[in-house]
Amino acid sequence: MGKAEKTLSIVLRGTSDANIPFKDLCSLMLKLGFAERVRGDHYIYSREGVEEILNLQPVGAKAKAYQVKQVRTVILKYKL
């Protein structure tokens, strides 16, 4: 199991949203086919066929828990 698959399973499990490394979440978004745009510490992800635009920001080296939940919601909604 690769790092992206491991991160995906952790995100989908939803038990440790506050402990997901930000870089791993960014890598997962790219693996899922999202385009990345960076403005300062705002990492903005969009994808054709996905209505939502995800704006992710790090807290130190971790991702914000509510943003991990947003990512999980989009993955489940669009069955990515």
# chains A, B, ... in the order shown; residues from 1 in each chain; ligands from 1

$ select_by_dssp --residues "chain A" --states "strand (DSSP E)" --output "list in words"
Ala35, Glu36, Arg37, Val38, Arg39, His42, Tyr43, Ile44, Tyr45, Ser46, Leu54, Asn55, Leu56, Pro58, Val59, Lys62 and Ala63 of chain A

$ residues_around --residues "Glu36 of chain A" --least-positions-apart "2" --cutoff "10 Å" --atoms "only C-alpha atoms" --output "list in words"
Cys26, Met29, Leu30, Gly33, Phe34, Val38, Tyr43, Ile44, Tyr45, Ser46, Arg47, Leu54 and Asn55 of chain A

$ residues_around --residues "Asn19 of chain A" --least-positions-apart "2" --cutoff "9 Å" --atoms "only C-alpha atoms" --output "MDAnalysis selection string"
chainID A and resid 16:17 21 62:65

$ select_by_dssp --residues "chain A" --states "alpha helix (DSSP H)" --output "tab-separated table (two decimals) with C-alpha atoms, in the first residue's frame"
chain	number	residue	atom	x	y	z
A	3	LYS	CA	1.51	6.52	0.92
A	4	ALA	CA	-1.45	8.01	-1.00
A	5	GLU	CA	-3.57	4.91	-0.39
A	6	LYS	CA	-2.66	4.95	3.29
A	7	THR	CA	-3.57	8.65	3.58
A	8	LEU	CA	-6.84	8.00	1.73
A	9	SER	CA	-7.81	5.23	4.15
A	10	ILE	CA	-7.00	7.46	7.15
A	11	VAL	CA	-9.06	10.33	5.69
A	12	LEU	CA	-12.01	8.06	4.92
A	13	ARG	CA	-11.86	6.46	8.37
A	22	PHE	CA	-0.46	18.48	5.35
A	23	LYS	CA	2.00	17.33	2.68
A	24	ASP	CA	0.37	13.88	2.59
A	25	LEU	CA	-3.07	15.46	2.13
A	26	CYS	CA	-1.73	17.63	-0.72
A	27	SER	CA	-0.20	14.57	-2.40
A	28	LEU	CA	-3.51	12.74	-2.08
A	29	MET	CA	-5.36	15.62	-3.75
A	30	LEU	CA	-2.95	15.56	-6.69
A	31	LYS	CA	-3.28	11.75	-6.99
A	65	ALA	CA	-9.25	19.00	10.94
A	66	TYR	CA	-12.30	20.72	9.44
A	67	GLN	CA	-10.59	20.86	6.04
A	68	VAL	CA	-9.83	17.13	6.18
A	69	LYS	CA	-13.55	16.63	6.79
A	70	GLN	CA	-14.32	18.76	3.70
A	71	VAL	CA	-11.95	16.61	1.63
A	72	ARG	CA	-13.63	13.42	2.93
A	73	THR	CA	-17.07	14.81	2.05
A	74	VAL	CA	-15.99	15.60	-1.53
A	75	ILE	CA	-14.34	12.17	-1.98
A	76	LEU	CA	-17.49	10.39	-0.81
A	77	LYS	CA	-19.90	12.66	-2.72
A	78	TYR	CA	-18.13	12.18	-6.06

$ atom_distance --atom1 "atom CA of Asp41 of chain A" --atom2 "atom CA of Leu56 of chain A"
8.3 Å

$ atom_distance --atom1 "atom CA of Ala35 of chain A" --atom2 "atom CA of Glu51 of chain A"
13.3 Å
